[in-house]
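Below is one structure, written out as structure tokens; comments come after it.
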Amino acid sequence: MGPGPEPAPGRPPARERAIAGFAAAFGGHPTALVRSPARVNLIGEHTDYNDGFCLPVAVDRELWIALRPSPGDADDAIELVSEQEARAARVTLPPPDVPPPAAAQRRTTEGWAGYVEGTAVMLAAAHGPLAGWQGVVASDIPTGAGLSSSAALELAVAAACAHIAGLPWDALAMARLAHRAENEWVGAATGLLDQLACVSGVAGHALLVDCRHGTVEPVPLPAHVAVVVLDTSTRRRIVTSAYADRRVECARATRLLGVPALRDVGPSLLAEAAGRLDPVALARARHVVTENQRVLDVAAALRAGDVATAGALLTEGHRSIRDDFAVSSAELDAMVEAALAAPGCLGARMTGGGFAGCAAALVDRALLDAFAAAALDGYHAATGLTGSVLPCSAVAGTVAEPCPGVSSPGHDRQEAHRDNRP
Ligand code: GLA
């Protein structure tokens, strides 16, 4: 997607903008709304493609789609207008086939529309014909900031398609489809973390994700602690090659260690086998091995209400990703140090793929205002840049619902379904 919106003070939230945008683009009312959250990864960075563990949180920075089925006289297509993009995404149905072998040769769309088309392609391949719809997307998720705006869009499109076509919604299966769309259609070889976090969110909880088995265990976040995103205001666009380099380095370490994945390596095996690895492969492996353990330890500490230990592990995680994995930046380091020096900070680290974007901190809620002011002052003093602080709440994952106040057969069916929920 294109450059992200920074919600201006007084700007209506994305939900309202999507509904208003729908009336302006298509006339009339949407019949359904989709909400899809951003994710902040608390800890467990670059572990997902090593079959390891992560601890993300789905947060209340959200992307919304307002939509309705295509009118009967329209060509069967998905048409999605974005408030951020000059050109709408249009996917003619049926979408192209999944390309054999995985490569984006069959793309008919360009730019952000690739996420829409790729998701439709993977859904149709798994579930059969889709039904057309028209919608407007609005987002309060900054893009390029390491908060998974792309996964939020993919899952929102999947939820919209599933809602209109009456497909079953299985969170893990949908995360895997969206992940395939990103890898095989858009061409970004990322892991499963982002999609799984967006789709599996639970209010008030972090998510302990086991990337090998695709399982997600909600971990309660203590109420007196806030997850705070600290945006450095730096964005780096060309990070795909550095990300791919890290994947290659991890694959080399895996091969030299003779294991199925770095997930299968503990500290003692790594110490014994260190001589078989070149220094770069050893450092990358050391990060992944220690990071997997930190994820499990942070989850255990949060469950025990031991926020001091959880925070200290986050900070340790930053040193590891900075020194051993080498995906931080001067600005991310400065933001982490400024956060750590601010009142109420229990721990801080960069979050997401790295190189630019955001850090995340665990902060004592009672000291939130003093924390925000001191962290931003410290960051400005160190870099000359103006950052921003976004306190976050953990929210539920991607969901499609009928638009309130609109009655339709689909709406009535959905209401009945909701009433039967446990
Ligand atoms: C990006 C990728 C994820 C994950 C993180 C690093 O966000 O999309 O799959 O690898 O980087 O943890």
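Following the order of the structure tokens, chains are lettered A, B, ..., residues in each are numbered from 1, and ligands are numbered from 1.
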
Give me, as a PDB file with C-alpha atoms, in the first residue's frame, all polymer residues having an atom no more than 6 Å from range 326-335 of chain A, counting only C-alpha atoms and skipping those fewer than 4 positions away in the same chain.
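Below is the file around_12.pdb, written as the result:
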ATOM      1  CA  ILE A 321      18.231  -8.221  17.396  1.00  0.00           C
ATOM      2  CA  ARG A 322      20.542  -5.206  17.213  1.00  0.00           C
ATOM      3  CA  GLY A 354      13.407  -3.878  11.391  1.00  0.00           C
ATOM      4  CA  PHE A 355      15.564  -1.201   9.717  1.00  0.00           C
ATOM      5  CA  TYR A 379      14.311  10.756  21.028  1.00  0.00           C
TER       6      TYR A 379
END

Given 7 Å and only C-alpha atoms and all ligand atoms, residues near ligand 1 as a compact mmCIF listing (two decimals) with all heavy atoms, in the first residue's frame:
# COMPACT_ATOMS: atom_id res chain seq x y z
N GLY A 44 9.86 -12.04 19.78
CA GLY A 44 9.82 -13.18 18.85
C GLY A 44 9.98 -12.65 17.44
O GLY A 44 9.11 -12.82 16.60
N GLU A 45 11.15 -12.01 17.20
CA GLU A 45 11.36 -11.36 15.90
C GLU A 45 12.26 -12.22 15.03
O GLU A 45 13.31 -12.72 15.50
CB GLU A 45 12.00 -9.98 16.14
CG GLU A 45 11.45 -8.90 15.27
CD GLU A 45 10.00 -8.54 15.60
OE1 GLU A 45 9.79 -7.74 16.52
OE2 GLU A 45 9.10 -9.07 14.91
N HIS A 46 11.85 -12.38 13.78
CA HIS A 46 12.58 -13.22 12.81
C HIS A 46 12.67 -14.67 13.28
O HIS A 46 13.59 -15.40 12.90
CB HIS A 46 13.96 -12.63 12.50
CG HIS A 46 13.86 -11.34 11.71
ND1 HIS A 46 13.87 -11.31 10.34
CD2 HIS A 46 13.68 -10.06 12.11
CE1 HIS A 46 13.74 -10.04 9.93
NE2 HIS A 46 13.62 -9.27 11.00
N THR A 47 11.73 -15.07 14.08
CA THR A 47 11.64 -16.48 14.50
C THR A 47 10.60 -17.22 13.67
O THR A 47 10.64 -18.45 13.60
CB THR A 47 11.23 -16.58 15.98
OG1 THR A 47 10.11 -15.71 16.18
CG2 THR A 47 12.35 -16.17 16.91
N ASP A 48 9.65 -16.48 13.05
CA ASP A 48 8.52 -17.18 12.41
C ASP A 48 8.97 -18.08 11.27
O ASP A 48 8.53 -19.23 11.16
CB ASP A 48 7.39 -16.21 11.99
CG ASP A 48 7.80 -15.12 11.01
OD1 ASP A 48 9.01 -14.93 10.77
OD2 ASP A 48 6.88 -14.45 10.47
N TYR A 49 9.89 -17.59 10.42
CA TYR A 49 10.33 -18.44 9.30
C TYR A 49 11.40 -19.44 9.74
O TYR A 49 11.98 -20.15 8.91
CB TYR A 49 10.78 -17.58 8.11
CG TYR A 49 11.84 -16.55 8.43
CD1 TYR A 49 13.17 -16.88 8.48
CD2 TYR A 49 11.47 -15.23 8.69
CE1 TYR A 49 14.13 -15.93 8.77
CE2 TYR A 49 12.42 -14.27 8.98
CZ TYR A 49 13.76 -14.62 9.02
OH TYR A 49 14.71 -13.68 9.31
N GLY A 146 6.12 -1.28 10.26
CA GLY A 146 6.33 -2.54 10.98
C GLY A 146 5.12 -2.96 11.79
O GLY A 146 5.24 -3.73 12.74
N SER A 148 2.24 -4.21 10.19
CA SER A 148 1.49 -5.18 9.37
C SER A 148 0.26 -4.62 8.69
O SER A 148 -0.80 -5.25 8.69
CB SER A 148 1.07 -6.39 10.20
OG SER A 148 2.18 -7.15 10.51
N THR A 190 7.77 -13.31 3.29
CA THR A 190 7.69 -13.12 4.75
C THR A 190 7.18 -14.39 5.43
O THR A 190 6.69 -15.31 4.76
CB THR A 190 6.72 -11.97 5.06
OG1 THR A 190 5.49 -12.27 4.41
CG2 THR A 190 7.25 -10.65 4.54
N GLY A 191 7.27 -14.42 6.76
CA GLY A 191 6.75 -15.55 7.52
C GLY A 191 5.26 -15.37 7.84
O GLY A 191 4.62 -14.44 7.35
N LEU A 192 4.74 -16.26 8.70
CA LEU A 192 3.29 -16.30 8.96
C LEU A 192 2.86 -15.37 10.10
O LEU A 192 1.66 -15.17 10.34
CB LEU A 192 2.91 -17.76 9.30
CG LEU A 192 1.44 -18.12 9.44
CD1 LEU A 192 0.66 -17.83 8.15
CD2 LEU A 192 1.27 -19.59 9.82
N LEU A 193 3.83 -14.78 10.81
CA LEU A 193 3.52 -13.99 12.01
C LEU A 193 2.41 -12.95 11.80
O LEU A 193 1.44 -12.90 12.56
CB LEU A 193 4.80 -13.27 12.47
CG LEU A 193 4.64 -12.06 13.39
CD1 LEU A 193 4.10 -12.49 14.74
CD2 LEU A 193 5.97 -11.33 13.56
N ASP A 194 2.55 -12.13 10.76
CA ASP A 194 1.66 -10.98 10.62
C ASP A 194 0.22 -11.42 10.40
O ASP A 194 -0.71 -10.91 11.04
CB ASP A 194 2.12 -10.09 9.44
CG ASP A 194 3.56 -9.66 9.58
OD1 ASP A 194 4.10 -9.77 10.70
OD2 ASP A 194 4.15 -9.23 8.58
N GLY A 352 8.79 -5.65 14.68
CA GLY A 352 8.57 -5.88 13.24
C GLY A 352 9.85 -6.30 12.55
O GLY A 352 10.82 -6.72 13.19
N GLY A 353 9.86 -6.16 11.23
CA GLY A 353 10.97 -6.64 10.42
C GLY A 353 12.28 -5.92 10.68
O GLY A 353 13.35 -6.49 10.54

>> From a backbone DSSP assignment, name each residue in range 32-100 of chain A labelled strand (DSSP E), as JSON, numbers by chain.
In response: {"A": [32, 33, 34, 35, 36, 37, 38, 39, 40, 41, 42, 43, 53, 54, 55, 56, 57, 58, 59, 60, 61, 62, 63, 64, 65, 66, 67, 68, 69, 77, 78, 79, 80, 81, 82, 89, 90, 91, 92]}

> If we count only C-alpha atoms, what is near Ser36 in chain A at a cut-off of 8 Å, once residues fewer than 4 positions away on the same chain are taken out, given as JSON, numbers by chain?
Replying inline: {"A": [62, 63, 64, 152, 153, 155, 156, 198, 199, 397, 398, 399]}

Dump N, CA, C and O atoms for the selected residues as an mmCIF file, in the first residue's frame?
data_model
loop_
_atom_site.group_PDB
_atom_site.id
_atom_site.type_symbol
_atom_site.label_atom_id
_atom_site.label_comp_id
_atom_site.auth_asym_id
_atom_site.auth_seq_id
_atom_site.Cartn_x
_atom_site.Cartn_y
_atom_site.Cartn_z
ATOM 1 N N GLU A 62 -6.668 0.260 13.230
ATOM 2 C CA GLU A 62 -7.425 -0.679 12.403
ATOM 3 C C GLU A 62 -7.651 -0.201 10.972
ATOM 4 O O GLU A 62 -7.645 0.994 10.699
ATOM 5 N N LEU A 63 -7.892 -1.188 10.133
ATOM 6 C CA LEU A 63 -8.273 -0.946 8.744
ATOM 7 C C LEU A 63 -9.719 -1.430 8.604
ATOM 8 O O LEU A 63 -10.071 -2.487 9.131
ATOM 9 N N TRP A 64 -10.534 -0.643 7.930
ATOM 10 C CA TRP A 64 -11.947 -0.997 7.756
ATOM 11 C C TRP A 64 -12.302 -1.029 6.276
ATOM 12 O O TRP A 64 -11.822 -0.201 5.498
ATOM 13 N N ALA A 152 -3.154 -6.802 7.441
ATOM 14 C CA ALA A 152 -4.502 -6.348 7.802
ATOM 15 C C ALA A 152 -5.364 -6.229 6.550
ATOM 16 O O ALA A 152 -6.537 -6.616 6.552
ATOM 17 N N LEU A 153 -4.778 -5.725 5.458
ATOM 18 C CA LEU A 153 -5.540 -5.600 4.206
ATOM 19 C C LEU A 153 -5.877 -6.979 3.644
ATOM 20 O O LEU A 153 -7.019 -7.242 3.253
ATOM 21 N N LEU A 155 -6.201 -9.855 5.137
ATOM 22 C CA LEU A 155 -7.226 -10.548 5.928
ATOM 23 C C LEU A 155 -8.584 -9.868 5.796
ATOM 24 O O LEU A 155 -9.629 -10.534 5.803
ATOM 25 N N ALA A 156 -8.572 -8.539 5.650
ATOM 26 C CA ALA A 156 -9.847 -7.825 5.460
ATOM 27 C C ALA A 156 -10.488 -8.233 4.136
ATOM 28 O O ALA A 156 -11.704 -8.460 4.063
ATOM 29 N N CYS A 198 -2.949 -10.807 13.026
ATOM 30 C CA CYS A 198 -4.109 -9.971 12.676
ATOM 31 C C CYS A 198 -5.406 -10.747 12.839
ATOM 32 O O CYS A 198 -6.406 -10.217 13.307
ATOM 33 N N VAL A 199 -5.383 -12.005 12.443
ATOM 34 C CA VAL A 199 -6.633 -12.761 12.381
ATOM 35 C C VAL A 199 -7.007 -13.379 13.733
ATOM 36 O O VAL A 199 -8.170 -13.680 13.983
ATOM 37 N N GLY A 397 -9.404 -10.166 16.508
ATOM 38 C CA GLY A 397 -8.867 -10.235 15.148
ATOM 39 C C GLY A 397 -9.889 -9.849 14.087
ATOM 40 O O GLY A 397 -11.030 -9.466 14.388
ATOM 41 N N THR A 398 -9.467 -9.995 12.845
ATOM 42 C CA THR A 398 -10.271 -9.594 11.678
ATOM 43 C C THR A 398 -11.682 -10.183 11.734
ATOM 44 O O THR A 398 -11.852 -11.377 11.993
ATOM 45 N N VAL A 399 -12.668 -9.347 11.429
ATOM 46 C CA VAL A 399 -14.044 -9.835 11.464
ATOM 47 C C VAL A 399 -14.903 -9.056 10.467
ATOM 48 O O VAL A 399 -14.679 -7.865 10.251
#

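The environment of Arg276 in chain A within 10 Å, counting only C-alpha atoms and disregarding residues fewer than 4 places along the same chain, consists of Ala253, Leu256, Leu257, Leu270, Glu272, Ala281 and Leu282 of chain A.
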
Take the residues from that selection and write them out as a PDB file, in the first residue's frame, keeping N, CA, C and O atoms.
ATOM      1  N   ALA A 253      22.708 -21.417   8.507  1.00  0.00           N
ATOM      2  CA  ALA A 253      22.970 -21.914   9.869  1.00  0.00           C
ATOM      3  C   ALA A 253      22.227 -23.231  10.098  1.00  0.00           C
ATOM      4  O   ALA A 253      22.774 -24.183  10.668  1.00  0.00           O
ATOM      5  N   LEU A 256      24.084 -26.029   8.250  1.00  0.00           N
ATOM      6  CA  LEU A 256      25.360 -26.379   8.879  1.00  0.00           C
ATOM      7  C   LEU A 256      25.158 -27.084  10.214  1.00  0.00           C
ATOM      8  O   LEU A 256      25.985 -27.892  10.645  1.00  0.00           O
ATOM      9  N   LEU A 257      24.027 -26.782  10.873  1.00  0.00           N
ATOM     10  CA  LEU A 257      23.748 -27.443  12.153  1.00  0.00           C
ATOM     11  C   LEU A 257      23.072 -28.794  11.953  1.00  0.00           C
ATOM     12  O   LEU A 257      22.918 -29.573  12.899  1.00  0.00           O
ATOM     13  N   LEU A 270      23.892 -25.323  20.230  1.00  0.00           N
ATOM     14  CA  LEU A 270      24.540 -24.206  19.542  1.00  0.00           C
ATOM     15  C   LEU A 270      25.979 -24.035  20.032  1.00  0.00           C
ATOM     16  O   LEU A 270      26.896 -23.810  19.238  1.00  0.00           O
ATOM     17  N   GLU A 272      27.955 -26.361  21.338  1.00  0.00           N
ATOM     18  CA  GLU A 272      28.778 -27.484  20.833  1.00  0.00           C
ATOM     19  C   GLU A 272      29.142 -27.318  19.361  1.00  0.00           C
ATOM     20  O   GLU A 272      30.250 -27.635  18.949  1.00  0.00           O
ATOM     21  N   ALA A 281      26.576 -16.599  10.415  1.00  0.00           N
ATOM     22  CA  ALA A 281      25.549 -17.631  10.649  1.00  0.00           C
ATOM     23  C   ALA A 281      25.407 -17.903  12.147  1.00  0.00           C
ATOM     24  O   ALA A 281      24.290 -18.094  12.653  1.00  0.00           O
ATOM     25  N   LEU A 282      26.528 -17.884  12.857  1.00  0.00           N
ATOM     26  CA  LEU A 282      26.466 -18.134  14.300  1.00  0.00           C
ATOM     27  C   LEU A 282      25.695 -17.029  15.018  1.00  0.00           C
ATOM     28  O   LEU A 282      24.837 -17.300  15.871  1.00  0.00           O
TER      29      LEU A 282
END

> What residues in range 19-175 of chain A get the DSSP label alpha helix (DSSP H)? Please answer as a ChimeraX atom specification.
Replying inline: /A:19-26,113-127,149-165,171-175
